[in-house]
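**Student:** Just protein_5.cif, nothing more (mmCIF, C-alpha atoms):
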data_data
loop_
_atom_site.label_atom_id
_atom_site.label_comp_id
_atom_site.auth_asym_id
_atom_site.auth_seq_id
_atom_site.Cartn_x
_atom_site.Cartn_y
_atom_site.Cartn_z
CA MET A 1 0.00 0.00 0.00
CA LYS A 2 2.91 2.40 0.61
CA GLU A 3 3.50 2.61 -3.14
CA ASP A 4 -0.15 3.37 -3.93
CA LYS A 5 -2.03 6.61 -3.71
CA ILE A 6 -4.58 7.18 -1.00
CA LEU A 7 -7.74 8.73 -2.37
CA ILE A 8 -9.67 11.01 0.00
CA THR A 9 -13.16 11.89 -1.18
CA GLY A 10 -14.33 15.18 0.27
CA GLY A 11 -10.60 15.73 0.56
CA LEU A 12 -10.78 19.53 0.74
CA GLY A 13 -13.15 19.46 3.70
CA PHE A 14 -11.77 20.09 7.16
CA ILE A 15 -11.59 16.42 8.10
CA GLY A 16 -10.10 15.49 4.73
CA MET A 17 -7.40 18.14 4.98
CA ASN A 18 -6.39 16.99 8.45
CA VAL A 19 -6.18 13.37 7.29
CA ALA A 20 -4.18 14.40 4.24
CA ASN A 21 -1.71 16.40 6.35
CA LEU A 22 -0.95 13.38 8.52
CA LEU A 23 -0.54 11.07 5.53
CA VAL A 24 1.77 13.49 3.72
CA GLU A 25 3.87 13.76 6.89
CA GLN A 26 4.31 9.98 6.58
CA GLY A 27 5.48 10.37 2.98
CA ARG A 28 2.28 9.01 1.42
CA GLN A 29 0.92 10.05 -1.97
CA VAL A 30 -2.54 11.60 -1.55
CA LEU A 31 -5.23 12.43 -4.09
CA LEU A 32 -7.94 14.84 -2.89
CA PHE A 33 -11.26 14.41 -4.70
CA ASP A 34 -13.85 17.11 -3.96
CA ASN A 35 -16.79 18.86 -5.61
CA LEU A 36 -16.04 22.12 -3.74
CA SER A 37 -19.65 22.59 -2.65
CA PRO A 38 -20.61 26.30 -2.47
CA GLN A 39 -22.46 25.66 0.81
CA ILE A 40 -19.12 24.73 2.40
CA HIS A 41 -16.43 26.44 0.32
CA GLY A 42 -18.28 29.51 -0.97
CA ALA A 43 -19.36 30.44 -4.47
CA ILE A 44 -15.76 31.02 -5.57
CA PRO A 45 -13.52 28.63 -3.62
CA ASP A 46 -10.18 30.06 -2.51
CA LEU A 47 -7.54 27.36 -2.08
CA SER A 48 -4.56 29.72 -2.05
CA SER A 49 -4.26 29.62 1.75
CA LEU A 50 -3.76 25.85 1.87
CA PRO A 51 0.01 25.15 1.95
CA LEU A 52 -0.64 21.41 1.82
CA LEU A 53 -1.68 21.76 -1.81
CA ARG A 54 1.82 22.87 -2.73
CA SER A 55 3.25 19.50 -1.71
CA ALA A 56 4.55 17.25 -4.46
CA ASN A 57 2.75 14.38 -2.70
CA VAL A 58 -0.68 15.95 -3.14
CA GLU A 59 -2.92 15.94 -6.19
CA VAL A 60 -6.33 17.63 -6.36
CA VAL A 61 -9.16 16.63 -8.67
CA ARG A 62 -12.48 18.42 -8.74
CA GLY A 63 -15.30 15.99 -9.40
CA ASN A 64 -18.59 14.53 -8.32
CA VAL A 65 -19.04 11.17 -6.57
CA CYS A 66 -22.34 10.77 -8.43
CA ARG A 67 -20.62 10.64 -11.83
CA HIS A 68 -19.26 7.30 -13.02
CA ASP A 69 -16.62 8.87 -15.25
CA ASP A 70 -15.25 10.97 -12.37
CA TRP A 71 -14.52 7.79 -10.43
CA GLY A 72 -12.67 6.42 -13.43
CA ALA A 73 -10.53 9.56 -13.52
CA VAL A 74 -9.30 9.23 -9.93
CA LEU A 75 -8.97 5.51 -9.15
CA ALA A 76 -5.83 4.69 -11.16
CA ASP A 77 -2.98 3.58 -8.85
CA VAL A 78 -5.16 4.06 -5.75
CA GLY A 79 -4.65 1.45 -3.04
CA CYS A 80 -6.91 2.85 -0.32
CA ILE A 81 -10.01 5.04 -0.37
CA VAL A 82 -10.96 7.27 2.56
CA HIS A 83 -14.60 8.03 1.78
CA LEU A 84 -15.56 11.28 3.51
CA ALA A 85 -17.64 12.94 0.78
CA ALA A 86 -21.25 13.41 1.90
CA GLU A 87 -24.03 15.90 2.27
CA THR A 88 -24.20 16.67 5.98
CA GLY A 89 -26.82 18.28 8.18
CA THR A 90 -29.73 16.63 9.94
CA ALA A 91 -32.23 19.46 9.50
CA GLN A 92 -31.58 20.15 5.82
CA SER A 93 -31.78 16.46 4.99
CA MET A 94 -35.43 16.37 6.05
CA TYR A 95 -36.52 18.39 3.02
CA GLU A 96 -33.63 17.86 0.56
CA ILE A 97 -34.19 14.13 0.58
CA SER A 98 -33.28 13.49 -3.03
CA ARG A 99 -29.99 15.42 -2.86
CA TYR A 100 -28.85 13.69 0.33
CA THR A 101 -29.79 10.27 -0.98
CA GLU A 102 -28.19 10.87 -4.37
CA THR A 103 -24.87 12.04 -2.96
CA ASN A 104 -24.54 9.80 0.08
CA VAL A 105 -26.16 6.59 -1.10
CA SER A 106 -25.97 6.69 -4.91
CA GLY A 107 -22.50 8.28 -4.85
CA THR A 108 -21.22 5.44 -2.68
CA ALA A 109 -23.00 2.90 -4.88
CA ARG A 110 -21.30 4.32 -7.98
CA LEU A 111 -17.92 3.92 -6.34
CA LEU A 112 -18.63 0.30 -5.48
CA ASP A 113 -20.14 -0.36 -8.89
CA TYR A 114 -16.96 0.92 -10.53
CA LEU A 115 -14.80 -1.32 -8.34
CA ALA A 116 -17.01 -4.31 -9.15
CA ASN A 117 -16.76 -3.83 -12.90
CA HIS A 118 -13.25 -2.46 -13.60
CA LYS A 119 -9.70 -3.45 -12.84
CA HIS A 120 -8.25 -1.57 -9.91
CA ASN A 121 -5.67 -1.75 -7.10
CA VAL A 122 -7.96 -0.84 -4.20
CA ILE A 123 -7.45 -3.11 -1.20
CA LYS A 124 -9.13 -1.04 1.52
CA ILE A 125 -12.03 1.38 1.98
CA ILE A 126 -12.35 3.57 5.07
CA LEU A 127 -15.88 4.96 5.45
CA ALA A 128 -16.65 7.96 7.62
CA SER A 129 -20.10 7.21 8.99
CA SER A 130 -21.93 9.01 11.78
CA ARG A 131 -23.13 8.44 15.32
CA SER A 132 -26.54 9.54 13.98
CA VAL A 133 -27.21 5.96 12.84
CA TYR A 134 -27.94 5.09 16.48
CA GLY A 135 -30.79 7.59 16.77
CA GLU A 136 -31.08 8.33 20.46
CA GLY A 137 -28.59 5.59 21.27
CA ALA A 138 -28.22 3.92 24.64
CA TYR A 139 -29.92 4.96 27.89
CA GLN A 140 -29.98 3.48 31.37
CA CYS A 141 -33.28 2.67 33.06
CA GLY A 142 -33.37 1.92 36.80
CA ARG A 143 -35.83 -0.91 36.21
CA CYS A 144 -34.99 -2.25 32.76
CA GLY A 145 -31.24 -1.73 32.43
CA VAL A 146 -29.84 -0.51 29.10
CA VAL A 147 -32.62 0.52 26.71
CA PHE A 148 -32.87 2.16 23.30
CA PRO A 149 -35.73 4.69 23.13
CA SER A 150 -37.40 5.57 19.86
CA MET A 151 -37.21 8.93 18.15
CA ARG A 152 -39.06 11.58 20.13
CA SER A 153 -42.46 12.33 18.66
CA VAL A 154 -43.53 15.78 17.47
CA GLU A 155 -46.16 15.73 20.21
CA MET A 156 -43.48 15.18 22.88
CA LEU A 157 -41.46 18.08 21.51
CA ARG A 158 -44.47 20.38 21.33
CA CYS A 159 -45.20 19.63 24.98
CA GLN A 160 -41.54 20.30 25.83
CA ARG A 161 -41.07 16.74 27.04
CA TRP A 162 -37.46 16.80 25.97
CA GLN A 163 -36.17 13.72 27.73
CA PRO A 164 -36.88 10.29 26.17
CA GLU A 165 -38.71 7.73 28.30
CA CYS A 166 -38.04 4.04 28.83
CA PRO A 167 -39.66 2.20 25.91
CA THR A 168 -40.55 -0.68 28.24
CA CYS A 169 -41.80 0.82 31.51
CA GLY A 170 -42.13 4.54 30.73
CA ASP A 171 -39.81 5.61 33.57
CA GLU A 172 -37.23 8.37 33.39
CA ILE A 173 -33.94 7.32 31.83
CA GLY A 174 -30.45 8.78 31.55
CA ALA A 175 -28.02 8.67 28.66
CA THR A 176 -25.18 6.17 28.78
CA ALA A 177 -22.29 5.43 26.41
CA THR A 178 -23.41 3.82 23.14
CA ARG A 179 -21.50 0.76 21.92
CA GLU A 180 -21.06 -0.25 18.29
CA ASP A 181 -23.36 -3.24 18.71
CA ALA A 182 -26.23 -1.01 19.83
CA LYS A 183 -29.51 -1.00 17.95
CA THR A 184 -29.48 1.37 14.97
CA ALA A 185 -32.50 3.66 14.64
CA PRO A 186 -31.89 6.63 12.32
CA ALA A 187 -34.09 9.62 13.18
CA SER A 188 -33.31 11.73 10.09
CA ILE A 189 -32.82 11.29 6.36
CA TYR A 190 -29.14 12.12 6.82
CA ALA A 191 -28.79 9.33 9.38
CA ALA A 192 -30.64 6.89 7.12
CA THR A 193 -28.24 7.64 4.26
CA LYS A 194 -25.21 7.07 6.49
CA LEU A 195 -26.54 3.69 7.62
CA ALA A 196 -27.19 2.79 3.98
CA GLN A 197 -23.58 3.73 3.18
CA GLU A 198 -22.38 1.38 5.89
CA ASP A 199 -24.36 -1.55 4.51
CA LEU A 200 -23.24 -0.91 0.95
CA VAL A 201 -19.56 -0.68 1.86
CA ARG A 202 -19.64 -3.67 4.20
CA ILE A 203 -21.49 -5.99 1.80
CA ALA A 204 -19.66 -4.95 -1.37
CA GLY A 205 -16.28 -4.99 0.34
CA ASN A 206 -16.83 -8.53 1.52
CA ALA A 207 -17.98 -9.66 -1.93
CA LEU A 208 -15.10 -7.95 -3.74
CA GLY A 209 -12.36 -8.98 -1.32
CA ILE A 210 -11.71 -5.37 -0.24
CA SER A 211 -11.00 -4.70 3.43
CA THR A 212 -13.33 -2.17 5.03
CA VAL A 213 -13.27 -0.05 8.17
CA ILE A 214 -16.31 1.96 9.22
CA PHE A 215 -15.80 4.83 11.64
CA ARG A 216 -18.89 6.27 13.34
CA LEU A 217 -17.80 9.83 14.01
CA GLN A 218 -19.29 11.79 16.89
CA ASN A 219 -19.62 15.60 16.76
CA VAL A 220 -16.41 16.67 15.05
CA TYR A 221 -15.19 20.26 15.44
CA GLY A 222 -11.98 22.13 14.87
CA GLU A 223 -9.91 24.49 12.80
CA GLY A 224 -10.89 24.56 9.14
CA GLN A 225 -14.56 23.78 9.74
CA SER A 226 -16.84 25.76 7.44
CA LEU A 227 -18.06 28.95 9.11
CA ARG A 228 -20.63 29.59 6.39
CA ASN A 229 -22.67 26.37 6.48
CA PRO A 230 -25.79 26.99 8.64
CA TYR A 231 -26.83 23.34 8.75
CA THR A 232 -23.93 21.62 10.46
CA GLY A 233 -21.24 22.28 13.05
CA ILE A 234 -22.82 24.05 16.03
CA LEU A 235 -19.46 25.38 17.24
CA SER A 236 -18.91 27.10 13.90
CA ILE A 237 -22.48 28.44 13.88
CA PHE A 238 -22.26 29.72 17.45
CA SER A 239 -18.81 31.28 17.06
CA ASN A 240 -19.84 33.15 13.92
CA GLN A 241 -22.98 34.50 15.62
CA ILE A 242 -21.01 35.57 18.70
CA ARG A 243 -18.48 37.46 16.59
CA LEU A 244 -21.33 39.23 14.78
CA GLY A 245 -22.75 40.35 18.13
CA LYS A 246 -25.83 38.17 17.81
CA ILE A 247 -27.50 36.28 20.63
CA VAL A 248 -27.03 32.53 20.41
CA ASN A 249 -30.34 30.69 20.52
CA LEU A 250 -30.26 27.31 22.27
CA TYR A 251 -32.87 24.79 21.16
CA GLU A 252 -35.05 22.85 23.60
CA ASP A 253 -33.79 23.65 27.12
CA GLY A 254 -30.12 23.80 26.17
CA GLN A 255 -29.37 20.62 28.09
CA GLU A 256 -29.23 18.30 25.09
CA SER A 257 -25.73 16.87 24.95
CA ARG A 258 -23.23 15.68 22.38
CA ASP A 259 -19.83 13.99 22.25
CA PHE A 260 -17.51 16.68 20.88
CA VAL A 261 -14.23 15.37 19.44
CA HIS A 262 -11.49 17.50 17.88
CA VAL A 263 -10.73 17.00 14.21
CA SER A 264 -7.06 16.27 14.90
CA ASP A 265 -8.07 13.23 16.95
CA VAL A 266 -10.51 12.08 14.27
CA ALA A 267 -7.78 12.39 11.65
CA ARG A 268 -5.40 10.29 13.76
CA ALA A 269 -8.03 7.57 14.09
CA ILE A 270 -8.64 7.50 10.35
CA VAL A 271 -4.92 7.34 9.54
CA LEU A 272 -4.56 4.45 11.99
CA GLY A 273 -7.32 2.70 10.05
CA VAL A 274 -5.45 3.31 6.80
CA THR A 275 -2.04 2.16 7.98
CA SER A 276 -2.98 -0.75 10.24
CA ASP A 277 -4.94 -3.92 9.48
CA ARG A 278 -6.09 -4.34 13.11
CA ALA A 279 -9.41 -2.58 12.45
CA ASP A 280 -10.19 -4.27 9.14
CA GLY A 281 -13.73 -5.59 9.01
CA ASN A 282 -14.81 -3.55 12.03
CA THR A 283 -17.21 -0.71 12.79
CA LEU A 284 -15.76 1.63 15.43
CA ASN A 285 -16.91 4.73 17.29
CA VAL A 286 -14.62 7.75 17.13
CA GLY A 287 -15.34 10.24 19.89
CA TYR A 288 -14.09 11.82 23.07
CA GLY A 289 -16.31 9.49 25.05
CA LYS A 290 -17.93 12.12 27.29
CA PRO A 291 -21.13 14.17 26.88
CA THR A 292 -21.21 17.98 26.98
CA SER A 293 -24.40 20.02 26.97
CA VAL A 294 -25.04 22.47 24.15
CA GLU A 295 -25.52 25.20 26.77
CA ARG A 296 -22.04 24.60 28.16
CA ILE A 297 -20.52 24.76 24.69
CA ALA A 298 -22.27 28.07 23.98
CA LEU A 299 -21.16 29.56 27.31
CA LEU A 300 -17.55 28.46 26.86
CA LEU A 301 -17.43 29.95 23.36
CA SER A 302 -19.03 33.18 24.62
CA GLU A 303 -16.40 33.46 27.33
CA LEU A 304 -13.46 32.69 25.02
CA LEU A 305 -14.68 35.14 22.39
CA GLY A 306 -15.48 37.87 24.94
CA ALA A 307 -19.18 38.09 24.09
CA ASP A 308 -21.23 41.00 25.44
CA THR A 309 -24.40 38.93 25.41
CA GLN A 310 -25.23 35.53 26.82
CA PRO A 311 -27.03 32.67 25.04
CA ILE A 312 -30.77 32.29 25.53
CA VAL A 313 -32.86 29.15 25.87
CA SER A 314 -35.85 29.56 23.56
CA GLY A 315 -37.63 26.20 23.58
CA GLN A 316 -37.35 25.87 19.81
CA TYR A 317 -36.80 22.37 18.48
CA ARG A 318 -36.00 20.61 15.22
CA VAL A 319 -37.65 17.42 14.07
CA GLY A 320 -35.05 14.66 13.76
CA ASP A 321 -32.69 15.99 16.44
CA ILE A 322 -31.65 13.60 19.20
CA ARG A 323 -31.60 14.50 22.88
CA HIS A 324 -28.31 12.96 23.98
CA GLY A 325 -25.53 10.84 22.58
CA TYR A 326 -21.99 9.89 23.44
CA ALA A 327 -19.71 7.05 22.43
CA ASP A 328 -18.32 4.01 24.12
CA THR A 329 -14.74 4.20 22.81
CA SER A 330 -13.37 0.98 24.27
CA ALA A 331 -13.45 -0.92 20.95
CA ILE A 332 -11.28 1.55 19.04
CA TYR A 333 -8.79 1.52 21.90
CA GLN A 334 -8.66 -2.27 21.84
CA ARG A 335 -8.28 -2.44 18.05
CA LEU A 336 -6.04 0.52 17.32
CA GLY A 337 -4.78 1.75 20.68
CA PHE A 338 -6.56 5.02 19.97
CA THR A 339 -7.48 7.51 22.66
CA PRO A 340 -8.24 11.20 22.04
CA GLU A 341 -5.40 13.55 22.92
CA LEU A 342 -7.19 16.91 23.13
CA SER A 343 -9.58 17.75 25.96
CA LEU A 344 -12.61 19.88 25.13
CA GLU A 345 -10.97 22.92 26.73
CA GLN A 346 -7.74 22.44 24.75
CA GLY A 347 -9.66 21.88 21.54
CA LEU A 348 -11.81 24.97 22.05
CA ASP A 349 -8.73 27.11 22.70
CA ARG A 350 -7.27 25.99 19.37
CA PHE A 351 -10.57 26.39 17.56
CA VAL A 352 -11.22 29.90 18.89
CA ALA A 353 -7.67 31.03 18.10
CA TRP A 354 -8.26 29.91 14.50
CA VAL A 355 -11.73 31.50 14.32
CA ARG A 356 -10.30 34.87 15.36
CA ARG A 357 -8.04 34.80 12.29
CA GLN A 358 -10.89 34.16 9.87
CA PRO A 359 -13.04 36.79 8.14
CA MET A 360 -16.52 37.04 9.60
CA GLU A 361 -19.21 35.36 7.52
CA ASP A 362 -22.79 36.46 7.02
CA ASP A 363 -25.12 34.71 9.45
CA ARG A 364 -27.17 32.33 7.33
CA LEU A 365 -28.88 30.63 10.25
CA ASP A 366 -31.97 32.87 10.18
CA ALA A 367 -32.68 31.94 6.56
CA ALA A 368 -32.14 28.25 7.35
CA THR A 369 -34.46 28.53 10.35
CA GLN A 370 -37.20 30.17 8.29
CA GLU A 371 -36.88 27.36 5.76
CA LEU A 372 -37.43 24.79 8.50
CA LEU A 373 -40.32 26.74 10.04
CA SER A 374 -42.09 27.07 6.70
CA ARG A 375 -41.87 23.31 6.19
CA GLY A 376 -43.04 22.37 9.68
CA PHE A 377 -39.73 20.87 10.81
CA MET A 378 -39.26 23.44 13.55
CA GLU A 379 -41.44 25.11 16.19
CA LYS A 380 -41.54 28.87 16.69
CA HIS A 381 -40.01 30.54 19.72
CA VAL A 382 -41.63 30.22 23.09
CA GLU A 383 -40.70 32.50 26.01
CA ALA A 384 -36.92 32.88 25.96
CA GLN A 385 -34.77 32.57 29.05
CA ALA A 386 -31.24 33.85 29.42
CA THR A 387 -28.52 31.54 30.60
CA SER A 388 -25.29 32.29 32.43
CA LEU A 389 -21.93 30.72 33.12
#
Please express what this file holds, its structure, as structure tokens.

**Tutor:**
Amino acid sequence: MKEDKILITGGLGFIGMNVANLLVEQGRQVLLFDNLSPQIHGAIPDLSSLPLLRSANVEVVRGNVCRHDDWGAVLADVGCIVHLAAETGTAQSMYEISRYTETNVSGTARLLDYLANHKHNVIKIILASSRSVYGEGAYQCGRCGVVFPSMRSVEMLRCQRWQPECPTCGDEIGATATREDAKTAPASIYAATKLAQEDLVRIAGNALGISTVIFRLQNVYGEGQSLRNPYTGILSIFSNQIRLGKIVNLYEDGQESRDFVHVSDVARAIVLGVTSDRADGNTLNVGYGKPTSVERIALLLSELLGADTQPIVSGQYRVGDIRHGYADTSAIYQRLGFTPELSLEQGLDRFVAWVRRQPMEDDRLDAATQELLSRGFMEKHVEAQATSL
């Protein structure tokens, strides 16, 4: 594999660039395949500030994973594929169903179809999947043990019953770490497409004799994340609003939690999957392994960025959002010896230092919110309540 190129789809995204940097440091040849989506890169992408692209070990091809011929143009001499390219964003996926399915599912199918019907040198595929395939994931019930609640109903959300209930006895339950063998229960179109990707890659890889590794990424953040995409990356959305002097609006009661993991740690995990065979054939969580509330994230960002205003809890909600979710990371440690290196505080310091060097972007969240409201995927504001550190 050392003699072959490593193809990274979505290679100019912030995860792809971090993976490519590590591989180039190891002397690997890397091909970055990206469609340069305007939603992420802007209408006129500017790649001049990316020193990695000046490396002799890096090649860039602009293309579309949905086009058969584009796959043919990039797969020569490729030994490993890191498949990151995807439409992301839970909320947007609920009304752009065709686009998400075409890119995430059909784009992956076209890759596998090409490999099934043409000569190639590919011996491994690394797929970046998502923790969203679990839906709510694992919870602990005092009576029933570990349970897996269903997606919260619109009626529950309208009544501000934010916390899921035990599906067996109806008692209160608390989030616990979700293992890879947990029940999958996608609660959004985006999540459904990621689970479909997993099945396609796993089944086709087995049939074609290609090793596969599936990484279920938690909430990835870090330097290089798009500050203009209003549908994904709450740290980017919040930091941009804070810099513009806007008040950050926290959905539900602000206590929903996520497993935030820095992009540098995610990139290390992916490179370990590329360079080692110890994870082949496995599906592994990649996360920090601890939950953090959205309110705490907003308050930390406000403090680091010196905000004059504090976030507010509005009671808004989005259909398809989960309440809690964090990863059991014991399997990836056992397989690859991987543990995250950056704490949340260290990662936020790095992220904020990078954000301060970036030009401020227009806040596109209001337009995205109105789109969701008009389609019934979001509830209007109720009485807002300020929060404090």

**Student:** Scan for residues within 8 Å of the point (-17.6, 34.7, 7.9) in the coordinates of the file, using all atoms listed in the file, and reply as an mmCIF file with C-alpha atoms, in the coordinates of the input.

**Tutor:**
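Final file, selection-v9.cif:
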data_model
loop_
_atom_site.group_PDB
_atom_site.id
_atom_site.type_symbol
_atom_site.label_atom_id
_atom_site.label_comp_id
_atom_site.auth_asym_id
_atom_site.auth_seq_id
_atom_site.Cartn_x
_atom_site.Cartn_y
_atom_site.Cartn_z
ATOM 1 C CA LEU A 227 -18.060 28.950 9.110
ATOM 2 C CA ARG A 228 -20.630 29.590 6.390
ATOM 3 C CA ASN A 240 -19.840 33.150 13.920
ATOM 4 C CA GLN A 358 -10.890 34.160 9.870
ATOM 5 C CA PRO A 359 -13.040 36.790 8.140
ATOM 6 C CA MET A 360 -16.520 37.040 9.600
ATOM 7 C CA GLU A 361 -19.210 35.360 7.520
ATOM 8 C CA ASP A 362 -22.790 36.460 7.020
ATOM 9 C CA ASP A 363 -25.120 34.710 9.450
#

**Student:** From the options A:Trp354, A:Ala192, A:Glu87, A:Gly205, which residue's atoms come nearest to Asp113 in chain A, counting all atoms listed in the file?

**Tutor:**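 The closest residue to Asp113 in chain A is A:Gly205.
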
**Student:** Take the PyMOL selection byres ((chain A and resi 12) around 10), apply it to the structure above, and return the hits as number ranges by chain.

**Tutor:** A: 8-11, 13-18, 20, 32-37, 40-41, 47, 50, 53, 60-62, 84-85, 224

**Student:** Pick from A:Arg356, A:Arg131, A:Arg152, A:Arg375: nearest to Arg323 in chain A, with all atoms listed in the file counted?

**Tutor:**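 Smallest distance to Arg323 in chain A is found for A:Arg152.
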
**Student:** Assuming the chain letters and numbering stay as they are in my file, what does the PyMOL selection byres ((chain A and resi 164) around 10) actually select? List them as a ChimeraX atom specification.

**Tutor:** /A:136,139,148-153,156,161-163,165-167,170-175,322-324

**Student:** Between A:Asp77, A:Asp181, A:Asp280, A:Glu59, which is the closest to Lys124 in chain A once you count only C-alpha atoms?

**Tutor:**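 Answer, going by the shortest atom-to-atom distance: A:Asp280.
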
**Student:** In file coordinates, which residues lie within 10 Å of (0.9, 2.8, -5.0) using all atoms listed in the file, given as number ranges by chain?

**Tutor:** A: 1-6, 28-29, 76-80, 121-122

**Student:** Which of these residues is nearest to Leu272 in chain A, using all atoms listed in the file: A:Tyr288, A:Tyr114, A:Phe338, A:Tyr317?

**Tutor:**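 Ranking A:Tyr288, A:Tyr114, A:Phe338, A:Tyr317 by distance to Leu272 in chain A, first place goes to A:Phe338.
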